[in-house]
>>> print(open('upload-v2.csv').read())   # CSV, C-alpha atoms
chain,number,residue,atom,x,y,z
O,1,MET,CA,-19.9,-10.8,-10.0
O,2,ASN,CA,-18.8,-7.8,-12.0
O,3,LEU,CA,-16.1,-6.3,-9.7
O,4,GLU,CA,-15.5,-3.3,-12.0
O,5,GLN,CA,-19.2,-2.3,-11.9
O,6,LEU,CA,-19.4,-2.9,-8.1
O,7,PHE,CA,-16.4,-0.5,-7.6
O,8,LYS,CA,-17.9,2.2,-9.9
O,9,GLN,CA,-21.2,1.9,-8.0
O,10,PHE,CA,-19.8,2.1,-4.4
O,11,LYS,CA,-16.5,4.1,-4.8
O,12,GLU,CA,-16.6,6.8,-2.1
O,13,PRO,CA,-16.4,10.1,-4.0
O,14,SER,CA,-15.5,12.4,-1.1
O,15,ILE,CA,-12.0,10.9,-0.5
O,16,LYS,CA,-9.3,10.7,-3.2
O,17,GLY,CA,-5.6,11.3,-3.7
O,18,ARG,CA,-2.9,10.5,-1.3
O,19,TYR,CA,-3.5,12.8,1.6
O,20,ILE,CA,-6.2,11.2,3.7
O,21,THR,CA,-6.5,12.4,7.3
O,22,LEU,CA,-8.8,11.9,10.2
O,23,GLU,CA,-10.7,15.0,9.1
O,24,SER,CA,-11.2,13.4,5.7
O,25,ILE,CA,-13.0,10.3,7.1
O,26,GLU,CA,-14.8,11.5,10.2
O,27,PRO,CA,-17.9,12.7,8.2
O,28,LEU,CA,-18.0,9.3,6.5
O,29,LEU,CA,-17.9,7.4,9.7
O,30,LEU,CA,-20.6,9.5,11.2
O,31,LYS,CA,-22.7,8.9,8.1
O,32,LEU,CA,-22.2,5.2,8.3
O,33,ASN,CA,-23.0,5.1,12.1
O,34,THR,CA,-26.6,4.1,11.6
O,35,ASP,CA,-26.8,1.6,14.5
O,36,ASN,CA,-24.1,2.5,17.0
O,37,GLN,CA,-21.4,0.7,15.0
O,38,LEU,CA,-18.9,3.4,15.6
O,39,LYS,CA,-16.9,4.1,18.8
O,40,ILE,CA,-13.7,5.8,19.9
O,41,ILE,CA,-11.3,3.1,21.3
O,42,GLY,CA,-8.4,5.3,22.2
O,43,LYS,CA,-6.4,8.4,21.4
O,44,SER,CA,-3.2,9.1,19.6
O,45,VAL,CA,-0.1,10.8,21.0
O,46,LEU,CA,-1.6,14.2,20.1
O,47,GLU,CA,-5.0,13.2,21.6
O,48,LYS,CA,-6.7,12.6,18.3
O,49,PRO,CA,-9.5,10.0,18.5
O,50,ILE,CA,-8.9,6.5,17.1
O,51,TYR,CA,-12.1,5.1,15.7
O,52,GLN,CA,-13.4,1.6,15.4
O,53,TYR,CA,-16.3,0.6,13.1
O,54,GLN,CA,-17.9,-2.8,13.7
O,55,ILE,CA,-20.7,-4.2,11.6
O,56,GLY,CA,-22.1,-7.7,10.9
O,57,ARG,CA,-23.8,-10.6,12.6
O,58,GLY,CA,-21.8,-13.5,11.3
O,59,LYS,CA,-19.6,-16.0,13.2
O,60,THR,CA,-16.4,-15.4,11.3
O,61,LYS,CA,-14.7,-12.3,12.7
O,62,ILE,CA,-12.6,-10.1,10.3
O,63,PHE,CA,-10.2,-7.5,11.8
O,64,LEU,CA,-8.9,-4.8,9.5
O,65,TRP,CA,-6.8,-1.8,10.1
O,66,SER,CA,-5.3,0.8,7.8
O,67,GLN,CA,-2.9,3.7,8.0
O,68,MET,CA,-0.7,2.2,10.7
O,69,HIS,CA,1.7,4.3,8.7
O,70,GLY,CA,0.2,7.7,8.2
O,71,ASN,CA,1.4,8.2,4.7
O,72,GLU,CA,-0.1,4.9,3.4
O,73,SER,CA,-3.7,5.9,2.5
O,74,THR,CA,-4.7,3.8,-0.5
O,75,THR,CA,-6.2,1.0,1.6
O,76,THR,CA,-8.1,3.5,3.7
O,77,LYS,CA,-9.9,4.7,0.5
O,78,ALA,CA,-10.6,1.1,-0.5
O,79,LEU,CA,-11.9,0.2,2.9
O,80,PHE,CA,-14.5,3.0,2.7
O,81,ASP,CA,-15.5,1.8,-0.7
O,82,PHE,CA,-16.1,-1.7,0.9
O,83,LEU,CA,-18.0,-0.2,3.8
O,84,ASN,CA,-20.3,1.4,1.3
O,85,VAL,CA,-21.0,-2.0,-0.2
O,86,ILE,CA,-21.9,-3.6,3.1
O,87,ASN,CA,-24.1,-0.7,4.1
O,88,SER,CA,-26.1,-0.9,0.8
O,89,ASP,CA,-28.8,-3.3,2.0
O,90,SER,CA,-28.2,-5.4,-1.2
O,91,GLU,CA,-28.5,-9.1,-1.3
O,92,PHE,CA,-24.7,-9.4,-1.5
O,93,ALA,CA,-24.3,-7.0,1.5
O,94,ASN,CA,-26.7,-9.1,3.6
O,95,GLN,CA,-24.9,-12.3,2.6
O,96,LEU,CA,-21.6,-10.8,3.9
O,97,LEU,CA,-23.2,-9.4,7.0
O,98,ASN,CA,-24.7,-12.8,7.8
O,99,ALA,CA,-21.4,-14.6,7.3
O,100,PHE,CA,-19.0,-12.1,9.0
O,101,THR,CA,-18.5,-9.6,11.7
O,102,PHE,CA,-16.1,-6.9,10.5
O,103,CYS,CA,-14.1,-4.8,12.9
O,104,CYS,CA,-12.3,-1.9,11.2
O,105,ILE,CA,-9.8,0.7,12.4
O,106,PRO,CA,-9.7,3.0,9.3
O,107,ILE,CA,-6.8,5.2,10.6
O,108,LEU,CA,-4.7,3.8,13.4
O,109,ASN,CA,-2.1,6.6,13.2
O,110,PRO,CA,-4.1,9.9,12.8
O,111,ASP,CA,-1.1,12.0,13.8
O,112,GLY,CA,1.1,10.5,11.1
O,113,ALA,CA,-1.8,10.9,8.6
O,114,THR,CA,-1.9,14.6,9.3
O,115,LEU,CA,1.9,15.0,9.2
O,116,TYR,CA,2.1,12.6,6.2
O,117,THR,CA,4.8,10.5,7.8
O,118,ARG,CA,5.3,6.8,8.3
O,119,GLU,CA,5.9,7.2,12.0
O,120,ASN,CA,3.5,8.6,14.7
O,121,ALA,CA,4.0,11.9,16.5
O,122,ASN,CA,6.8,10.4,18.6
O,123,LYS,CA,8.6,9.4,15.4
O,124,ILE,CA,8.0,5.7,16.2
O,125,ASP,CA,7.2,3.1,13.5
O,126,LEU,CA,4.1,1.4,15.0
O,127,ASN,CA,4.9,-1.6,12.9
O,128,ARG,CA,8.0,-2.2,15.0
O,129,ASP,CA,6.3,-1.7,18.3
O,130,SER,CA,4.1,-4.8,18.5
O,131,GLN,CA,6.1,-6.4,21.4
O,132,ASN,CA,7.2,-3.4,23.5
O,133,LEU,CA,3.9,-1.5,23.0
O,134,THR,CA,5.5,1.8,23.9
O,135,GLN,CA,3.0,3.9,21.9
O,136,PRO,CA,-0.7,4.6,22.6
O,137,GLU,CA,-1.7,3.6,19.1
O,138,SER,CA,0.1,0.2,19.5
O,139,ILE,CA,-1.7,-0.4,22.7
O,140,VAL,CA,-5.1,0.5,21.1
O,141,LEU,CA,-4.5,-2.0,18.3
O,142,ARG,CA,-3.5,-4.8,20.6
O,143,HIS,CA,-6.4,-4.2,22.9
O,144,ALA,CA,-8.8,-4.2,20.0
O,145,PHE,CA,-7.3,-7.5,18.7
O,146,GLU,CA,-7.6,-9.1,22.1
O,147,THR,CA,-11.2,-7.9,22.7
O,148,PHE,CA,-12.5,-8.7,19.3
O,149,LYS,CA,-10.8,-12.1,19.0
O,150,PRO,CA,-10.7,-12.3,15.2
O,151,HIS,CA,-10.5,-15.3,13.0
O,152,TYR,CA,-8.6,-13.4,10.3
O,153,CYS,CA,-6.5,-10.2,10.4
O,154,TYR,CA,-6.1,-7.8,7.4
O,155,ASN,CA,-3.0,-5.6,7.8
O,156,LEU,CA,-3.4,-2.9,5.2
O,157,HIS,CA,-0.4,-0.9,3.9
O,158,ASP,CA,1.1,0.9,0.9
O,159,GLN,CA,4.5,0.2,-0.7
O,160,ARG,CA,6.8,2.4,-2.6
O,161,THR,CA,7.0,2.7,-6.4
O,162,ILE,CA,10.4,1.0,-6.4
O,163,PHE,CA,8.9,-2.4,-6.3
O,164,GLY,CA,8.3,-4.6,-9.3
O,165,VAL,CA,7.2,-8.2,-9.8
O,166,GLY,CA,10.4,-10.2,-9.9
O,167,ASP,CA,12.4,-9.3,-13.0
O,168,THR,CA,9.4,-9.0,-15.3
O,169,GLY,CA,9.5,-5.2,-15.7
O,170,LYS,CA,6.0,-4.9,-14.4
O,171,PRO,CA,5.2,-2.8,-11.3
O,172,ALA,CA,3.9,-4.5,-8.2
O,173,THR,CA,0.5,-2.9,-8.1
O,174,LEU,CA,-0.6,-5.1,-5.3
O,175,SER,CA,1.6,-7.4,-3.1
O,176,PHE,CA,0.5,-9.9,-0.5
O,177,LEU,CA,2.1,-11.8,2.4
O,178,ALA,CA,1.1,-14.4,4.8
O,179,PRO,CA,3.6,-13.4,7.5
O,180,ALA,CA,5.8,-16.0,9.1
O,181,TYR,CA,5.1,-17.0,12.7
O,182,ASN,CA,8.7,-18.1,13.5
O,183,GLU,CA,12.3,-17.6,12.4
O,184,GLU,CA,12.2,-20.8,10.3
O,185,ARG,CA,9.3,-19.4,8.3
O,186,GLU,CA,7.4,-22.7,8.7
O,187,VAL,CA,3.8,-23.2,7.6
O,188,ASN,CA,1.4,-24.1,10.3
O,189,GLU,CA,-2.4,-24.4,10.2
O,190,SER,CA,-2.9,-20.7,10.8
O,191,ARG,CA,-0.4,-19.5,8.2
O,192,LEU,CA,-1.8,-22.0,5.7
O,193,LYS,CA,-5.2,-20.4,6.0
O,194,ALA,CA,-3.7,-17.0,5.1
O,195,ILE,CA,-1.7,-18.6,2.2
O,196,ASN,CA,-4.8,-20.3,0.8
O,197,LEU,CA,-6.8,-17.2,0.9
O,198,ILE,CA,-4.1,-15.1,-0.8
O,199,ALA,CA,-3.8,-17.8,-3.5
O,200,GLY,CA,-7.5,-17.4,-4.2
O,201,ILE,CA,-7.4,-13.6,-4.2
O,202,ASN,CA,-4.5,-13.7,-6.6
O,203,GLU,CA,-6.3,-16.0,-9.1
O,204,VAL,CA,-9.2,-13.5,-9.2
O,205,LEU,CA,-6.9,-10.4,-9.6
O,206,GLN,CA,-4.8,-11.9,-12.4
O,207,TYR,CA,-7.8,-11.3,-14.7
O,208,TYR,CA,-7.6,-7.6,-14.0
O,209,ILE,CA,-3.9,-6.9,-13.5
O,210,PRO,CA,-2.1,-9.9,-15.0
O,211,GLY,CA,1.5,-10.1,-13.9
O,212,GLN,CA,1.3,-7.2,-11.6
O,213,ILE,CA,0.9,-9.0,-8.2
O,214,GLY,CA,3.9,-9.6,-6.0
O,215,ARG,CA,4.6,-11.6,-2.9
O,216,PHE,CA,6.2,-9.6,0.0
O,217,ASP,CA,9.3,-10.8,1.7
O,218,ASP,CA,8.5,-13.1,4.6
O,219,SER,CA,11.5,-12.6,6.8
O,220,PHE,CA,10.3,-13.0,10.4
O,221,ASN,CA,10.3,-10.0,12.8
O,222,ILE,CA,8.3,-10.5,15.9
O,223,ASN,CA,8.2,-6.7,16.4
O,224,CYS,CA,6.0,-6.4,13.3
O,225,ILE,CA,2.4,-6.6,14.0
O,226,GLY,CA,1.5,-9.1,11.3
O,227,ASP,CA,4.2,-11.5,12.5
O,228,THR,CA,2.9,-11.1,16.0
O,229,PHE,CA,-0.7,-11.8,15.2
O,230,GLN,CA,0.4,-14.8,13.1
O,231,TYR,CA,2.5,-16.0,16.0
O,232,LEU,CA,-0.6,-15.7,18.2
O,233,GLY,CA,-2.4,-18.1,15.9
O,234,VAL,CA,-4.6,-15.8,13.9
O,235,PRO,CA,-4.3,-16.1,10.1
O,236,THR,CA,-3.0,-12.7,8.9
O,237,LEU,CA,-2.9,-11.2,5.5
O,238,LEU,CA,-0.6,-8.3,4.6
O,239,PHE,CA,-1.8,-6.0,1.8
O,240,GLU,CA,0.7,-3.7,0.1
O,241,ALA,CA,-0.9,-1.3,-2.3
O,242,GLY,CA,1.7,-0.3,-4.9
O,243,HIS,CA,2.1,1.5,-8.3
O,244,PHE,CA,-0.1,1.1,-11.3
O,245,GLN,CA,1.1,2.8,-14.6
O,246,ASN,CA,0.7,6.6,-14.4
O,247,ASP,CA,-1.3,6.3,-11.2
O,248,TYR,CA,0.6,8.3,-8.6
O,249,LEU,CA,-2.6,9.3,-6.8
O,250,ARG,CA,-3.4,5.5,-6.5
O,251,GLU,CA,-6.9,5.7,-7.6
O,252,GLU,CA,-6.5,2.7,-9.9
O,253,THR,CA,-4.6,0.8,-7.2
O,254,ARG,CA,-7.5,1.6,-4.9
O,255,LYS,CA,-9.8,-0.3,-7.2
O,256,TYR,CA,-7.7,-3.4,-7.1
O,257,VAL,CA,-7.5,-3.3,-3.3
O,258,PHE,CA,-11.3,-3.1,-3.2
O,259,MET,CA,-11.4,-6.1,-5.6
O,260,ALA,CA,-9.1,-8.0,-3.4
O,261,LEU,CA,-11.2,-7.3,-0.3
O,262,ILE,CA,-14.5,-8.3,-2.1
O,263,SER,CA,-13.0,-11.4,-3.7
O,264,GLY,CA,-11.4,-12.6,-0.5
O,265,PHE,CA,-14.6,-12.3,1.5
O,266,THR,CA,-16.6,-13.9,-1.2
O,267,LEU,CA,-14.2,-16.9,-1.3
O,268,LEU,CA,-14.5,-17.2,2.5
O,269,CYS,CA,-18.2,-16.8,2.5
O,270,GLU,CA,-18.7,-19.5,-0.2
O,271,ASN,CA,-16.0,-21.7,1.3
O,272,ASP,CA,-14.4,-21.7,-2.1
O,273,ILE,CA,-10.8,-21.7,-0.9
O,274,VAL,CA,-8.2,-24.2,-2.2
O,275,SER,CA,-7.3,-26.7,0.4
O,276,ASN,CA,-3.5,-26.5,-0.2
O,277,GLY,CA,-2.5,-23.4,-2.0
O,278,ILE,CA,1.2,-23.3,-1.0
O,279,ASN,CA,2.5,-23.9,-4.5
O,280,LYS,CA,0.1,-21.3,-6.0
O,281,TYR,CA,1.2,-18.8,-3.3
O,282,LEU,CA,4.9,-19.5,-3.9
O,283,ASN,CA,4.4,-19.1,-7.6
O,284,ILE,CA,3.5,-15.4,-7.1
O,285,SER,CA,6.8,-13.7,-7.9
O,286,GLN,CA,8.5,-12.0,-5.0
O,287,ASN,CA,8.7,-8.2,-4.8
O,288,LYS,CA,11.9,-6.8,-6.0
O,289,ALA,CA,13.3,-3.2,-5.8
O,290,ILE,CA,13.9,-2.7,-9.5
O,291,PHE,CA,12.1,0.5,-10.4
O,292,TYR,CA,12.9,4.2,-10.5
O,293,ASP,CA,10.2,6.7,-11.2
O,294,LEU,CA,12.1,8.5,-13.9
O,295,MET,CA,15.0,7.1,-16.0
O,296,TYR,CA,17.2,8.8,-18.6
O,297,LYS,CA,19.3,6.7,-20.9
O,298,ASN,CA,22.2,7.5,-23.3
O,299,VAL,CA,22.9,10.9,-21.9
O,300,LYS,CA,26.1,12.7,-22.9
O,301,ILE,CA,28.0,14.3,-20.0
O,302,ASN,CA,31.2,16.3,-20.0
O,303,TYR,CA,33.4,14.8,-17.3
O,304,ASP,CA,36.7,16.6,-16.8
O,305,GLY,CA,36.8,17.6,-20.5
O,306,ILE,CA,35.9,14.1,-21.7
O,307,GLU,CA,32.5,13.4,-23.2
O,308,ILE,CA,31.0,10.1,-22.1
O,309,ILE,CA,27.5,8.5,-22.4
O,310,THR,CA,25.8,7.4,-19.2
O,311,ASN,CA,22.4,7.0,-17.6
O,312,PHE,CA,20.8,8.5,-14.5
O,313,ALA,CA,17.5,8.1,-12.6
O,314,SER,CA,15.3,10.3,-10.5
O,315,GLN,CA,12.8,9.4,-7.7
O,316,TYR,CA,9.9,11.3,-6.4
O,317,LYS,CA,9.8,12.4,-2.8
O,318,GLU,CA,6.2,12.9,-1.6
O,319,GLU,CA,6.3,16.2,0.3
O,320,LEU,CA,3.5,17.8,2.2
O,321,VAL,CA,3.2,21.5,1.2
O,322,ASP,CA,0.3,23.7,2.4
O,323,GLY,CA,-2.0,20.7,2.8
O,324,GLN,CA,-1.1,19.2,-0.6
O,325,ILE,CA,1.1,16.2,-1.5
O,326,CYS,CA,3.7,17.3,-4.0
O,327,PHE,CA,5.7,14.8,-6.0
O,328,ASN,CA,9.2,16.4,-6.2
O,329,ALA,CA,11.8,14.6,-8.3
O,330,TYR,CA,15.4,14.3,-7.1
O,331,ILE,CA,18.3,12.6,-8.9
O,332,ILE,CA,19.0,9.4,-7.1
O,333,GLN,CA,21.4,7.3,-9.2
O,334,VAL,CA,24.0,8.0,-11.9
O,335,GLY,CA,25.7,5.3,-14.0
O,336,ASP,CA,24.9,1.7,-14.9
O,337,LEU,CA,21.2,1.2,-14.6
O,338,GLU,CA,21.2,-2.3,-16.0
O,339,ASN,CA,18.5,-4.6,-14.7
O,340,TYR,CA,16.5,-1.6,-13.5
O,341,PHE,CA,13.3,-0.2,-15.0
O,342,GLY,CA,11.6,3.2,-15.1
O,343,HIS,CA,8.0,4.2,-14.8
O,344,PHE,CA,9.0,6.9,-17.2
O,345,VAL,CA,11.9,6.3,-19.6
O,346,TYR,CA,13.5,8.9,-21.8
O,347,ASP,CA,16.2,8.0,-24.4
O,348,ALA,CA,18.4,11.1,-24.8
O,349,LYS,CA,20.1,9.6,-27.8
O,350,GLY,CA,23.4,11.3,-26.9
O,351,ALA,CA,22.0,14.7,-26.0
O,352,LEU,CA,24.4,16.7,-23.8
O,353,TYR,CA,23.3,17.3,-20.2
O,354,THR,CA,23.6,20.6,-18.4
O,355,ASP,CA,21.9,22.3,-15.5
O,356,ASP,CA,22.0,25.6,-13.7
O,357,PHE,CA,24.9,24.4,-11.5
O,358,GLY,CA,27.1,22.5,-13.8
O,359,ASN,CA,27.4,19.8,-16.4
O,360,LEU,CA,26.9,16.7,-14.3
O,361,PRO,CA,23.7,15.2,-12.7
O,362,LYS,CA,24.3,14.9,-9.0
O,363,VAL,CA,22.6,12.7,-6.5
O,364,ASN,CA,20.1,14.5,-4.3
O,365,GLN,CA,19.9,17.4,-6.7
O,366,LYS,CA,16.4,18.4,-8.0
O,367,ALA,CA,15.7,16.9,-11.4
O,368,ASN,CA,15.7,20.2,-13.3
O,369,PHE,CA,18.1,20.2,-16.3
O,370,TYR,CA,18.6,20.6,-20.0
O,371,LEU,CA,19.5,18.2,-22.8
O,372,ASP,CA,21.3,19.9,-25.7
O,373,SER,CA,20.1,23.2,-24.3
O,374,THR,CA,16.9,22.7,-26.3
O,375,LYS,CA,14.9,20.4,-24.2
O,376,GLU,CA,14.2,21.6,-20.6
O,377,PHE,CA,13.2,19.1,-17.9
O,378,VAL,CA,11.4,20.5,-14.9
O,379,ASN,CA,10.7,18.2,-11.9
O,380,GLY,CA,12.0,15.3,-14.0
O,381,LEU,CA,9.7,15.7,-17.0
O,382,ILE,CA,10.0,17.6,-20.3
O,383,LYS,CA,8.6,21.1,-20.0
O,384,SER,CA,5.7,21.5,-22.4
>>> encode(input="upload-v2.csv", output="structure tokens")
Amino acid sequence: MNLEQLFKQFKEPSIKGRYITLESIEPLLLKLNTDNQLKIIGKSVLEKPIYQYQIGRGKTKIFLWSQMHGNESTTTKALFDFLNVINSDSEFANQLLNAFTFCCIPILNPDGATLYTRENANKIDLNRDSQNLTQPESIVLRHAFETFKPHYCYNLHDQRTIFGVGDTGKPATLSFLAPAYNEEREVNESRLKAINLIAGINEVLQYYIPGQIGRFDDSFNINCIGDTFQYLGVPTLLFEAGHFQNDYLREETRKYVFMALISGFTLLCENDIVSNGINKYLNISQNKAIFYDLMYKNVKINYDGIEIITNFASQYKEELVDGQICFNAYIIQVGDLENYFGHFVYDAKGALYTDDFGNLPKVNQKANFYLDSTKEFVNGLIKS
């Protein structure tokens, strides 16, 4: 199967970028609702509808939900690309529909999606509310889980640009986790199924993004929804969509999430999963926070009349301004950046730092500055 071609053919053109809201996807859901597959299963804190889309006639039940965190939208885009595939009436689509029944919640947290925040409107992280169930969105998800009774759960998220694959210097474009079901992080039959499936997905994706797949930390927290569902005996896969080189809008990463979905379902459909993939799973390098968005090396600064050479780094904050996501660079670290990497690296070669406020880069200051008074940097990058 040509996954690149499949993605090009079925990529949903009406949604792109980072700011994906309920208003973005409602027309798509209505368009896909050809046989009463769509229903409202609850409402958010601010009374926005939470939609569920269910399709398929197969015995194996797959439960997927995205944007539990409102500002994590990459997997939502990929989910709609996948829904286009299974609504295509192709031979492959019918193969999947005969094997599976898919139950999807494309945006679990519509209030957070509008506000572009991790939390919901009550400023609660839904991924820490799986036990207390204090929020309407958490209750909706748990009720959908108990009603649908899935055989596999797909917990779809984004992760920050800070994560790399071990110490390789490569960004973690996608990371996976088979969550633990207990404090000891033991592997039971349920968790092993998730591990084996991830191992298979990883083998496929290594052809497309070699060395850019990480393994998320498996520390157990029963308040996290993935850990809870694994604890309840349902194999659960955590997807973390991360950074691909120069892809801050995550359109490339979207493609690899799509490939992961397609390849995983194909492996399940064809029963082509390794019987014991623990070693292959553990050989996926663990996520490590080793990246800055912007790194400046060998910068000369005047510190109390003494000139020294140092380094500093900036990180983008994703800020919602007038309905647009702006990537605003702020200085985050000054000094020794050994063992860290930058998605953008500039060697100042001893050029002198100045800015409109003084002669020192300061943490939390916007990354607007000069080097040798001749090169101006605006929002972290050289002004053209």
>>> atom_distance(input="upload-v2.csv", atom1="atom CA of O:Phe229", atom2="atom CA of O:Asn127")
11.9 Å
>>> atom_distance(input="upload-v2.csv", atom1="atom CA of O:Gly242", atom2="atom CA of O:Phe265")
21.2 Å
>>> residues_near_point(input="upload-v2.csv", point="(-1.6, 3.2, -6.7)", cutoff="10 Å", atoms="all atoms listed in the file", output="mmCIF file with C-alpha atoms, in the frame of the given file")
data_model
loop_
_atom_site.group_PDB
_atom_site.id
_atom_site.type_symbol
_atom_site.label_atom_id
_atom_site.label_comp_id
_atom_site.auth_asym_id
_atom_site.auth_seq_id
_atom_site.Cartn_x
_atom_site.Cartn_y
_atom_site.Cartn_z
ATOM 1 C CA GLY O 17 -5.600 11.300 -3.700
ATOM 2 C CA ARG O 18 -2.900 10.500 -1.300
ATOM 3 C CA SER O 73 -3.700 5.900 2.500
ATOM 4 C CA THR O 74 -4.700 3.800 -0.500
ATOM 5 C CA THR O 75 -6.200 1.000 1.600
ATOM 6 C CA ASP O 158 1.100 0.900 0.900
ATOM 7 C CA GLN O 159 4.500 0.200 -0.700
ATOM 8 C CA ARG O 160 6.800 2.400 -2.600
ATOM 9 C CA THR O 161 7.000 2.700 -6.400
ATOM 10 C CA ALA O 172 3.900 -4.500 -8.200
ATOM 11 C CA THR O 173 0.500 -2.900 -8.100
ATOM 12 C CA LEU O 174 -0.600 -5.100 -5.300
ATOM 13 C CA GLU O 240 0.700 -3.700 0.100
ATOM 14 C CA ALA O 241 -0.900 -1.300 -2.300
ATOM 15 C CA GLY O 242 1.700 -0.300 -4.900
ATOM 16 C CA HIS O 243 2.100 1.500 -8.300
ATOM 17 C CA PHE O 244 -0.100 1.100 -11.300
ATOM 18 C CA GLN O 245 1.100 2.800 -14.600
ATOM 19 C CA ASN O 246 0.700 6.600 -14.400
ATOM 20 C CA ASP O 247 -1.300 6.300 -11.200
ATOM 21 C CA TYR O 248 0.600 8.300 -8.600
ATOM 22 C CA LEU O 249 -2.600 9.300 -6.800
ATOM 23 C CA ARG O 250 -3.400 5.500 -6.500
ATOM 24 C CA GLU O 251 -6.900 5.700 -7.600
ATOM 25 C CA GLU O 252 -6.500 2.700 -9.900
ATOM 26 C CA THR O 253 -4.600 0.800 -7.200
ATOM 27 C CA ARG O 254 -7.500 1.600 -4.900
ATOM 28 C CA LYS O 255 -9.800 -0.300 -7.200
ATOM 29 C CA TYR O 256 -7.700 -3.400 -7.100
ATOM 30 C CA VAL O 257 -7.500 -3.300 -3.300
#
>>> closest_residue(input="upload-v2.csv", among="O:Ile308, O:Met295, O:Ile139, O:Leu64", to="O:Leu381", atoms="only C-alpha atoms")
O:Met295
>>> closest_residue(input="upload-v2.csv", among="O:Ser275, O:Ser314, O:Ser44, O:Ser88", to="O:Thr114", atoms="only C-alpha atoms")
O:Ser44
>>> residues_around(input="upload-v2.csv", residues="stretch 20-26 of chain O", least_positions_apart="5", cutoff="10 Å", atoms="only C-alpha atoms", output="PDB file with C-alpha atoms, in the frame of the given file")
ATOM      1  CA  SER O  14     -15.500  12.400  -1.100  1.00  0.00           C
ATOM      2  CA  ILE O  15     -12.000  10.900  -0.500  1.00  0.00           C
ATOM      3  CA  LYS O  31     -22.700   8.900   8.100  1.00  0.00           C
ATOM      4  CA  LEU O  32     -22.200   5.200   8.300  1.00  0.00           C
ATOM      5  CA  LYS O  48      -6.700  12.600  18.300  1.00  0.00           C
ATOM      6  CA  PRO O  49      -9.500  10.000  18.500  1.00  0.00           C
ATOM      7  CA  ILE O  50      -8.900   6.500  17.100  1.00  0.00           C
ATOM      8  CA  TYR O  51     -12.100   5.100  15.700  1.00  0.00           C
ATOM      9  CA  GLN O  67      -2.900   3.700   8.000  1.00  0.00           C
ATOM     10  CA  GLY O  70       0.200   7.700   8.200  1.00  0.00           C
ATOM     11  CA  ASN O  71       1.400   8.200   4.700  1.00  0.00           C
ATOM     12  CA  GLU O  72      -0.100   4.900   3.400  1.00  0.00           C
ATOM     13  CA  SER O  73      -3.700   5.900   2.500  1.00  0.00           C
ATOM     14  CA  THR O  74      -4.700   3.800  -0.500  1.00  0.00           C
ATOM     15  CA  THR O  76      -8.100   3.500   3.700  1.00  0.00           C
ATOM     16  CA  LYS O  77      -9.900   4.700   0.500  1.00  0.00           C
ATOM     17  CA  PHE O  80     -14.500   3.000   2.700  1.00  0.00           C
ATOM     18  CA  PRO O 106      -9.700   3.000   9.300  1.00  0.00           C
ATOM     19  CA  ILE O 107      -6.800   5.200  10.600  1.00  0.00           C
ATOM     20  CA  LEU O 108      -4.700   3.800  13.400  1.00  0.00           C
ATOM     21  CA  ASN O 109      -2.100   6.600  13.200  1.00  0.00           C
ATOM     22  CA  PRO O 110      -4.100   9.900  12.800  1.00  0.00           C
ATOM     23  CA  ASP O 111      -1.100  12.000  13.800  1.00  0.00           C
ATOM     24  CA  GLY O 112       1.100  10.500  11.100  1.00  0.00           C
ATOM     25  CA  ALA O 113      -1.800  10.900   8.600  1.00  0.00           C
ATOM     26  CA  THR O 114      -1.900  14.600   9.300  1.00  0.00           C
ATOM     27  CA  LEU O 115       1.900  15.000   9.200  1.00  0.00           C
ATOM     28  CA  TYR O 116       2.100  12.600   6.200  1.00  0.00           C
TER      29      TYR O 116
END
>>> closest_residue(input="upload-v2.csv", among="O:Thr354, O:Thr60, O:Thr266, O:Asn379", to="O:Ala93", atoms="all atoms listed in the file")
O:Thr266
